[in-house]
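Notes follow the structure.
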Protein chains: 2
Amino acid sequence: MEENVSGQGKISFEPPRGMRDFYPADMAWRSRVFDAFRAAGEAAGFEQYDACVVENYELLARKAGEEVGEQLYHFYDKSERHIALRAEMTPTLARMVAQRQKERSMPLKWTTIAQCFRYERMTKDRKREHYQWNLDIIGEDGILAEVEVLSAACDALSRMGLSDGDYKVRVSSRKFLGELLERSGIAPDRHAQVFLALDKRGKMPDQEIAAMLREGGLSESEIAATFAIMETKDFSASPELTELFRLAEVAGIADRLVFDIGVIRGLSYYTGIVFECFDTKGEFRAIFGGGRYDTLLTTIGGEPTSAVGLGFGDVVVTELLKARLGEDAASEPRGIAVGFMTEGERDAALRLATALRAKGSSVDLSLRPQKPKKFFSHAEKTRAAKAVFLGPDDLAAGKARMKDMLSRTEEEISL
Amino acid sequence: MEENVSGQGKISFEPPRGMRDFYPADMAWRSRVFDAFRAAGEAAGFEQYDACVVENYELLARKAGEEVGEQLYHFYDKSERHIALRAEMTPTLARMVAQRQKERSMPLKWTTIAQCFRYERMTKDRKREHYQWNLDIIGEDGILAEVEVLSAACDALSRMGLSDGDYKVRVSSRKFLGELLERSGIAPDRHAQVFLALDKRGKMPDQEIAAMLREGGLSESEIAATFAIMETKDFSASPELTELFRLAEVAGIADRLVFDIGVIRGLSYYTGIVFECFDTKGEFRAIFGGGRYDTLLTTIGGEPTSAVGLGFGDVVVTELLKARLGEDAASEPRGIAVGFMTEGERDAALRLATALRAKGSSVDLSLRPQKPKKFFSHAEKTRAAKAVFLGPDDLAAGKARMKDMLSRTEEEISL
C-alpha cells in the first residue's frame with residue numbers, strides 16, 4: 001500500500017515503514033507496560049526526567065561509535081543545524097547530567113521512558129522505533145546500586161503480571177572476566193577485542209569466534225584458554241559478584257539471578273557488572289540489559305563518574321506478556337456504559353454519567369438514543385464492566401438498573 | 001554555548017534549539033498535567049491511541065495547508081522515503097480511522113497525548129515542540145459530543161488544581177456566524193475569507209481587518225454589517241448553541257462557558273461549534289481549542305464523517321498552573337528516605353526498603369553509609385515525606401524511628 005499517492009486522491013493509510021500505530025487494543029498493552037515501568041521506578045525512589053527525541057547529531061555520533069552512527073535518522077533543520085532522532089537515551093542523559101553536574105548532589109537516581117529510533121533491517125520483532133525504559137544511578141561505586149536497579153526491573157516484571165519463574169537475569173562482571181583473561185596472560189589492552197568476539201557467542205559458530213580472536217592477535221593457547229574461561233561456573237573469586245548475589249538474597253530477587261560468564265554486552269563502555277534478562281523458555285530476545293559503566297560523562301567532556309544503567313525495551317516484553325497471559329489480557333472489562341432509549345432520557349443519562357464520574361468511575365455515555373439490544377452489544381464490544389440503560393419507565397420511577405456485564409447480576413440505582 | 005564542538009573535546013550540553021529538556025522538577029509538572037489528561041480522558045470513556053511522531057510527509061502536507069506545510073520538520077530516510085515529524089495529530093488520526101473505518105462501530109471516542117513539532121520563530125512560551133492532548137469523537141452529529149469533550153477538558157483543569165473561576169471557555173458556532181453573514185447578503189462562498197480575516201481580530205487593528213475584507217470582495221456596507229455582526233450577544237436564534245448551553249447546565253460546566261461570536265479558530269476545517277479556553281485574567285495564550293469539523297477523512301480519501309475535536313497543549317497550562325499554584329506546587333513531599341550509619345546496617349536498610357516497597361511505598365534507599373546530618377539534609381532536598389535512619393543501636397534494639405519530615409513527629413517501626 002505504501003507510496004500509493006496520486007494527486008489529491010487517495011493517500012496511504014499505513015504508517016511510515018518501520019513505525020508503529022497504536023490502536024486502542026495495542027495501546028492497552030503499552031499502558032500496562034508503561035504503568036509498570038513508572039510504578040516500579042517510583043517505588044524504588046527514582047526521579048523521572050525526559051528530553052526531546054530530536055538531539056544534536058554531534059552528541060549522538062560521538063557517543064554511538066561502532067555501527068550505531070550509521071543507523072541514525074539524521075537531517076538538517078531550516079537553519080542548517082545537524083539534528084537526529086536519538087537511538088538511545090544515554091548520550092542525552094550524559095549531556096543533561098554534565099550540564100548540571102556541579103549543582104546536584106550525587107548519586108542521582110533517574111528514570112525515563114524514551115522513544116528511540118534506529119534505521120536497520122527489520123524482522124518480526126525489530127521495528128525502527130521502540131520505547132526504552134531507562135534506569136540509571138549516577139555517582140555511586142557500591143554494588144548496592146546494581147542491586148537496586150535489578151530489583152526495580154524485577155518489580156516492573158511482576159507488576160506487568162509475570163511470575164518469578166517466567167524469566168532469569170544472567171549476571172557477570174567484565175572486571176572478573178578481565179582478571180581471568182589476565183591470569184591467562186592476555187593483557188588488558190587486548191580485552192576490548194576479546195569482549196567483542198565473545199559477545200558473538202551463540203550468534204555465530206565458535207570457529208568464527210576463534211578466527212576473530214586470532215585476528216585480534218591471540219595465540220592458539222590463549223584462544224584455548226579464553227574458551228576454557230567461558231566455562232567458568234564459580235564466581236567466588238570475584239568479591240563484587242559475591243556481594244551482588246548476597247545482597248540480592250536480602251532484596252528477595254536472588255531466585256531470579258544466575259551467574260553466566262558468557263554475558264558480555266555489546267557496547268564497549270561497560271566496566272563492571274553486566275546483566276541480561278531472558279524468558280526462561282528461551283523463546284525471545286533479551287528483555288532488558290545493562291551494567292556498570294564509567295565513561296558516561298568523560299566522552300562528552302564532563303567530569304568522570306561511575307554509573308549503573310538499565311535499558312528495558314517495550315517490544316520484547318509485550319510479546320512475552322501476550323504469549324504468557326493471552327493476547328487480550330490487557331483489555332480487561334472496566335468502566336460503566338450509560339445509554340438511553342429516547343430523547344426524553346438524554347438529560348437524565350448525562351446527569352447520571354456526570355454523577356458517576358464525580359464519584360471516580362470511567363463512564364462511556366452513549367451520545368444518541370438507541371435500541372437496548374444495540375446498546376448492550378456496544379457495551380460488550382467495548383468491554384464495559386457495567387451498563388445502565390435508561391428508558392421512559394426508569395425515568396418515571398426515578399430509578400434504574402445497573403447490570404454487571406460479567407456476572408449478569410443487576411443492582412438498582414437511584415436517578 | 002551551541003555548536004561549541006571541537007574534535008574530541010567538549011561538546012554542547014544544551015538541547016537542540018527550540019527543544020526542551022525535562023529535569024526532574026520540570027518532569028513533575030509534566031506528570032501532573034499528563035496524569036490529569038489521562039484521568040479525565042479515562043473518566044469520560046475515551047480510548048487511548050497513539051502513533052509514531054514520524055509520519056509520511058505526503059499525509060502531513062496534504063492536510064496541513066496554509067503555512068503549516070512550510071513549518072514541517074521533514075527529511076528523507078535512507079531508502080529515500082519522504083518523512084516528517086508531525087505538527088499536529090489530526091492527519092494521523094484521520095489515517096488511522098480511515099484504515100479501519102469499516103470494521104469499527106461509530107462513534108469512536110479516542111484520546112492521545114502527542115508530541116508535535118513546528119519549525120517557527122520562538123517566543124518565551126512558544127518552542128518548536130510541544131505535547132498536545134487530543135480528544136476526538138468521530139461519527140456523531142449530536143451536540144452532546146461537544147458537551148462531552150468540553151466536560152472532559154474542564155475535568156482535566158480541575159484535576160490539575162485550577163478552580164472553576166480560573167478560566168473561561170468562549171464558545172461560538174461557525175454555522176451561526178455563517179447564517180448571520182448570509183442574512184447580510186454575504187454568500188457562503190465568501191465565508192472562508194471572512195472567517196480568515198475575522199480570526200485576526202485582537203491581533204491586528206480593525207482597519208487592517210476591514211482592508212482584508214475589502215480585498216476579499218466585500219462592499220463597504222457588507223464590511224460594516226460584518227463588524228456589526230461581531231457585536232452579537234444573543235444566540236437564541238442558533239438551536240445548536242442553545243442546546244449546547246442547556247446540556248452544559250446538566251453536565252455542571254455552564255458556569256465556565258460564555259458565548260463569544262468572535263471565536264473563529266484559524267484552521268479552515270471547522271464547520272459547526274468552535275471554542276477556545278482562556279485564563280480569566282487574560283494573561284496567557286489559549287489553553288485549549290477545538291470544535292466540529294467534517295472533512296477529517298475526505299481530504300485523505302476516506303468516507304465522509306462528522307467529528308468533534310479538541311487540542312490542549314502542555315505549555316500554556318503549565319505556565320498558568322505555576323502562576324496560580326506556585327512554581328514548586330508540583331513537587332510535593334512524597335515517599336520515604338531510608339539511610340544507614342555504618343556498613344553493619346546496610347543489609348537491614350535494604351531489608352527495610354524492600355519491605356516498605358512491598359507495602360506500596362516509594363522508597364529512596366541511600367546506597368552508602370552516611371552521617372545522620374548528611375542523610376537528613378539529602379532527605380529534605382529530595383522532598384521526602386518521611387525518613388528512617390538506621391544506626392548500630394537501632395539494629396541492636398530491633399526497631400527504628402520513622403520521622404515525618406513536615407510535622408517533625410516520629411513513629412517507632414519494628415525492623
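By order of appearance in the C-alpha cells: chains A, B, ..., then residues from 1 within every chain, and ligands from 1 in the order shown.
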Find the residues of chain A that sit at most 7 Å from chain B; for each, write down the nearest two atoms and how far apart they are in Å, to one decimal. Count only C-alpha atoms. Sort by chain, then by number going up, and give it as a Markdown table.
```
| residue | atom | partner | partner_atom | distance |
| --- | --- | --- | --- | --- |
| A:Gly9 | CA | B:Gly301 | CA | 6.1 |
| A:Lys10 | CA | B:Gly301 | CA | 4.5 |
| A:Ile11 | CA | B:Ile300 | CA | 5.7 |
| A:Phe13 | CA | B:Arg95 | CA | 4.9 |
| A:Pro15 | CA | B:Glu55 | CA | 6.5 |
| A:Pro16 | CA | B:Asn56 | CA | 5.6 |
| A:Met19 | CA | B:Cys52 | CA | 6.0 |
| A:Arg20 | CA | B:Cys52 | CA | 6.0 |
| A:Asp21 | CA | B:Ala51 | CA | 4.3 |
| A:Phe22 | CA | B:Asp50 | CA | 4.8 |
| A:Tyr23 | CA | B:Tyr49 | CA | 5.1 |
| A:Pro24 | CA | B:Tyr49 | CA | 5.0 |
| A:Met27 | CA | B:Tyr49 | CA | 5.6 |
| A:Glu42 | CA | B:Ser362 | CA | 5.7 |
| A:Ala43 | CA | B:Ser362 | CA | 3.8 |
| A:Ala44 | CA | B:Val363 | CA | 5.4 |
| A:Gly45 | CA | B:Asp364 | CA | 4.2 |
| A:Glu47 | CA | B:Pro24 | CA | 6.0 |
| A:Gln48 | CA | B:Pro24 | CA | 5.5 |
| A:Tyr49 | CA | B:Pro24 | CA | 5.0 |
| A:Asp50 | CA | B:Phe22 | CA | 4.8 |
| A:Ala51 | CA | B:Asp21 | CA | 4.4 |
| A:Cys52 | CA | B:Arg20 | CA | 6.0 |
| A:Glu55 | CA | B:Pro16 | CA | 5.9 |
| A:Asn56 | CA | B:Pro16 | CA | 5.6 |
| A:Leu59 | CA | B:Ile11 | CA | 6.9 |
| A:Tyr73 | CA | B:Asp77 | CA | 6.8 |
| A:Phe75 | CA | B:Phe75 | CA | 6.3 |
| A:Asp77 | CA | B:Tyr73 | CA | 6.8 |
| A:Arg95 | CA | B:Phe13 | CA | 4.9 |
| A:Met96 | CA | B:Phe13 | CA | 6.6 |
| A:Ala98 | CA | B:Phe13 | CA | 6.9 |
| A:Gln99 | CA | B:Phe13 | CA | 5.5 |
| A:Gly142 | CA | B:Leu367 | CA | 7.0 |
| A:Leu144 | CA | B:Leu367 | CA | 6.0 |
| A:Ala145 | CA | B:Leu367 | CA | 6.5 |
| A:Val250 | CA | B:Arg351 | CA | 6.0 |
| A:Ala251 | CA | B:Thr354 | CA | 6.0 |
| A:Ile300 | CA | B:Ile11 | CA | 5.6 |
| A:Gly301 | CA | B:Lys10 | CA | 4.5 |
| A:Asp347 | CA | B:Val250 | CA | 6.7 |
| A:Leu350 | CA | B:Ala251 | CA | 6.5 |
| A:Arg351 | CA | B:Val250 | CA | 6.0 |
| A:Thr354 | CA | B:Ala251 | CA | 6.0 |
| A:Arg357 | CA | B:Ala43 | CA | 5.9 |
| A:Ser361 | CA | B:Ala43 | CA | 6.0 |
| A:Ser362 | CA | B:Ala43 | CA | 3.8 |
| A:Val363 | CA | B:Gly45 | CA | 5.0 |
| A:Asp364 | CA | B:Gly45 | CA | 4.2 |
| A:Leu367 | CA | B:Leu144 | CA | 6.0 |
```
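Of the residues under consideration (A:Lys399, A:Arg183, A:Leu177, A:Ala286), A:Leu177 shows the shortest atom-to-atom contact distance to Phe195 of chain A when counting only C-alpha atoms.
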Residues of segment 140-178 of chain B in strand (DSSP E or B), written as an mmCIF file with all heavy atoms, in the first residue's frame:
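Listing of result.cif after writing:
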```cif
data_model
loop_
_atom_site.group_PDB
_atom_site.id
_atom_site.type_symbol
_atom_site.label_atom_id
_atom_site.label_comp_id
_atom_site.auth_asym_id
_atom_site.auth_seq_id
_atom_site.Cartn_x
_atom_site.Cartn_y
_atom_site.Cartn_z
ATOM 1 N N TYR B 167 -10.673 30.083 34.701
ATOM 2 C CA TYR B 167 -10.692 30.061 33.227
ATOM 3 C C TYR B 167 -12.112 30.181 32.695
ATOM 4 O O TYR B 167 -13.082 29.937 33.416
ATOM 5 C CB TYR B 167 -10.060 28.764 32.712
ATOM 6 C CG TYR B 167 -10.794 27.520 33.158
ATOM 7 C CD1 TYR B 167 -11.773 26.939 32.350
ATOM 8 C CD2 TYR B 167 -10.534 26.933 34.403
ATOM 9 C CE1 TYR B 167 -12.465 25.814 32.770
ATOM 10 C CE2 TYR B 167 -11.215 25.810 34.833
ATOM 11 C CZ TYR B 167 -12.180 25.252 34.006
ATOM 12 O OH TYR B 167 -12.875 24.147 34.410
ATOM 13 N N LYS B 168 -12.216 30.574 31.453
ATOM 14 C CA LYS B 168 -13.496 30.654 30.738
ATOM 15 C C LYS B 168 -13.317 30.004 29.365
ATOM 16 O O LYS B 168 -12.291 30.181 28.717
ATOM 17 C CB LYS B 168 -13.900 32.113 30.508
ATOM 18 C CG LYS B 168 -14.498 32.794 31.730
ATOM 19 C CD LYS B 168 -15.981 32.497 31.877
ATOM 20 C CE LYS B 168 -16.565 33.246 33.078
ATOM 21 N NZ LYS B 168 -17.131 32.318 34.073
ATOM 22 N N VAL B 169 -14.350 29.283 28.946
ATOM 23 C CA VAL B 169 -14.344 28.712 27.599
ATOM 24 C C VAL B 169 -15.276 29.561 26.739
ATOM 25 O O VAL B 169 -16.468 29.661 27.016
ATOM 26 C CB VAL B 169 -14.821 27.244 27.591
ATOM 27 C CG1 VAL B 169 -14.650 26.647 26.187
ATOM 28 C CG2 VAL B 169 -14.063 26.423 28.625
ATOM 29 N N ARG B 170 -14.714 30.198 25.727
ATOM 30 C CA ARG B 170 -15.510 31.008 24.800
ATOM 31 C C ARG B 170 -16.016 30.101 23.684
ATOM 32 O O ARG B 170 -15.229 29.403 23.052
ATOM 33 C CB ARG B 170 -14.666 32.121 24.209
ATOM 34 C CG ARG B 170 -14.090 33.046 25.269
ATOM 35 C CD ARG B 170 -13.253 34.127 24.625
ATOM 36 N NE ARG B 170 -12.387 34.751 25.626
ATOM 37 C CZ ARG B 170 -11.306 35.460 25.329
ATOM 38 N NH1 ARG B 170 -10.948 35.624 24.061
ATOM 39 N NH2 ARG B 170 -10.564 36.000 26.283
ATOM 40 N N VAL B 171 -17.331 30.154 23.468
ATOM 41 C CA VAL B 171 -17.955 29.230 22.522
ATOM 42 C C VAL B 171 -18.694 30.005 21.446
ATOM 43 O O VAL B 171 -19.352 31.008 21.743
ATOM 44 C CB VAL B 171 -18.944 28.296 23.253
ATOM 45 C CG1 VAL B 171 -19.537 27.280 22.283
ATOM 46 C CG2 VAL B 171 -18.269 27.601 24.426
ATOM 47 N N SER B 172 -18.584 29.567 20.222
ATOM 48 C CA SER B 172 -19.398 30.122 19.153
ATOM 49 C C SER B 172 -19.750 29.013 18.162
ATOM 50 O O SER B 172 -19.474 27.835 18.418
ATOM 51 C CB SER B 172 -18.668 31.261 18.446
ATOM 52 O OG SER B 172 -19.548 31.895 17.508
ATOM 53 N N SER B 173 -20.352 29.420 17.058
ATOM 54 C CA SER B 173 -20.708 28.453 16.028
ATOM 55 C C SER B 173 -20.418 29.065 14.661
ATOM 56 O O SER B 173 -20.915 30.150 14.345
ATOM 57 C CB SER B 173 -22.194 28.094 16.138
ATOM 58 O OG SER B 173 -22.644 27.544 14.906
#
```
- Fewer than 3 positions away in the same chain doesn't count, so skip those; otherwise give me all residues within 8 Å of Met160 of chain A, counting only C-alpha atoms, as a ChimeraX atom specification. /A:32-33,36,156-157,321
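Residues lying within 12 Å of Leu218 of chain B, counting only C-alpha atoms and ignoring same-chain neighbours fewer than 2 positions away, are Leu181, Ser184, Gly185, Ile186, Ala187, Asp189, Arg190, His191, Gln193, Val194, Ala197, Ile209, Ala210, Ala211, Met212, Leu213, Arg214, Glu215, Gly216, Glu220, Ser221, Glu222, Ile223, Ala224, Ala225, Thr226 and Phe227 of chain B.
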- Task: Please give the complete set of residues from segment 20-203 of chain B that DSSP, run on the backbone, assigns to alpha helix (DSSP H), formatted as JSON, numbers by chain.
- Result: {"B": [24, 25, 26, 27, 28, 29, 30, 31, 32, 33, 34, 35, 36, 37, 38, 39, 40, 41, 42, 43, 57, 58, 59, 60, 61, 62, 63, 64, 90, 91, 92, 93, 94, 95, 96, 97, 98, 99, 144, 145, 146, 147, 148, 149, 150, 151, 152, 153, 154, 155, 156, 157, 158, 159, 160, 174, 175, 176, 177, 178, 179, 180, 181, 182, 183, 191, 192, 193, 194, 195, 196, 197, 198]}
Find the spatial neighbours of Gly202 of chain A, counting only C-alpha atoms, within a cut-off of 12 Å - ignore same-chain residues fewer than 5 positions away - and output them as a PDB file with N, CA and C atoms, in the first residue's frame.
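Output below, filename out15.pdb:
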```pdb
ATOM      1  N   ALA A 197      34.578 -10.207  20.445  1.00  0.00           N
ATOM      2  CA  ALA A 197      34.456 -11.542  19.849  1.00  0.00           C
ATOM      3  C   ALA A 197      33.531 -12.422  20.690  1.00  0.00           C
ATOM      4  N   GLN A 207      34.074 -21.516  15.856  1.00  0.00           N
ATOM      5  CA  GLN A 207      35.198 -21.415  14.916  1.00  0.00           C
ATOM      6  C   GLN A 207      35.412 -19.981  14.451  1.00  0.00           C
ATOM      7  N   GLU A 208      34.303 -19.301  14.175  1.00  0.00           N
ATOM      8  CA  GLU A 208      34.424 -17.910  13.721  1.00  0.00           C
ATOM      9  C   GLU A 208      34.876 -16.988  14.849  1.00  0.00           C
ATOM     10  N   ILE A 209      34.404 -17.308  16.079  1.00  0.00           N
ATOM     11  CA  ILE A 209      34.861 -16.547  17.246  1.00  0.00           C
ATOM     12  C   ILE A 209      36.379 -16.699  17.367  1.00  0.00           C
ATOM     13  N   GLY A 262      29.215 -15.822  30.233  1.00  0.00           N
ATOM     14  CA  GLY A 262      29.038 -15.505  28.812  1.00  0.00           C
ATOM     15  C   GLY A 262      28.319 -14.197  28.531  1.00  0.00           C
ATOM     16  N   VAL A 263      27.812 -13.546  29.590  1.00  0.00           N
ATOM     17  CA  VAL A 263      27.154 -12.247  29.374  1.00  0.00           C
ATOM     18  C   VAL A 263      28.232 -11.187  29.201  1.00  0.00           C
ATOM     19  N   ILE A 264      28.287 -10.572  28.034  1.00  0.00           N
ATOM     20  CA  ILE A 264      29.346  -9.604  27.734  1.00  0.00           C
ATOM     21  C   ILE A 264      28.752  -8.203  27.534  1.00  0.00           C
TER      22      ILE A 264
END
```
- Task: Could you tell me how far atom CA of Glu276 of chain B lies from atom CA of Lys127 of chain B, in Å and to one decimal?
- Result: 20.5 Å
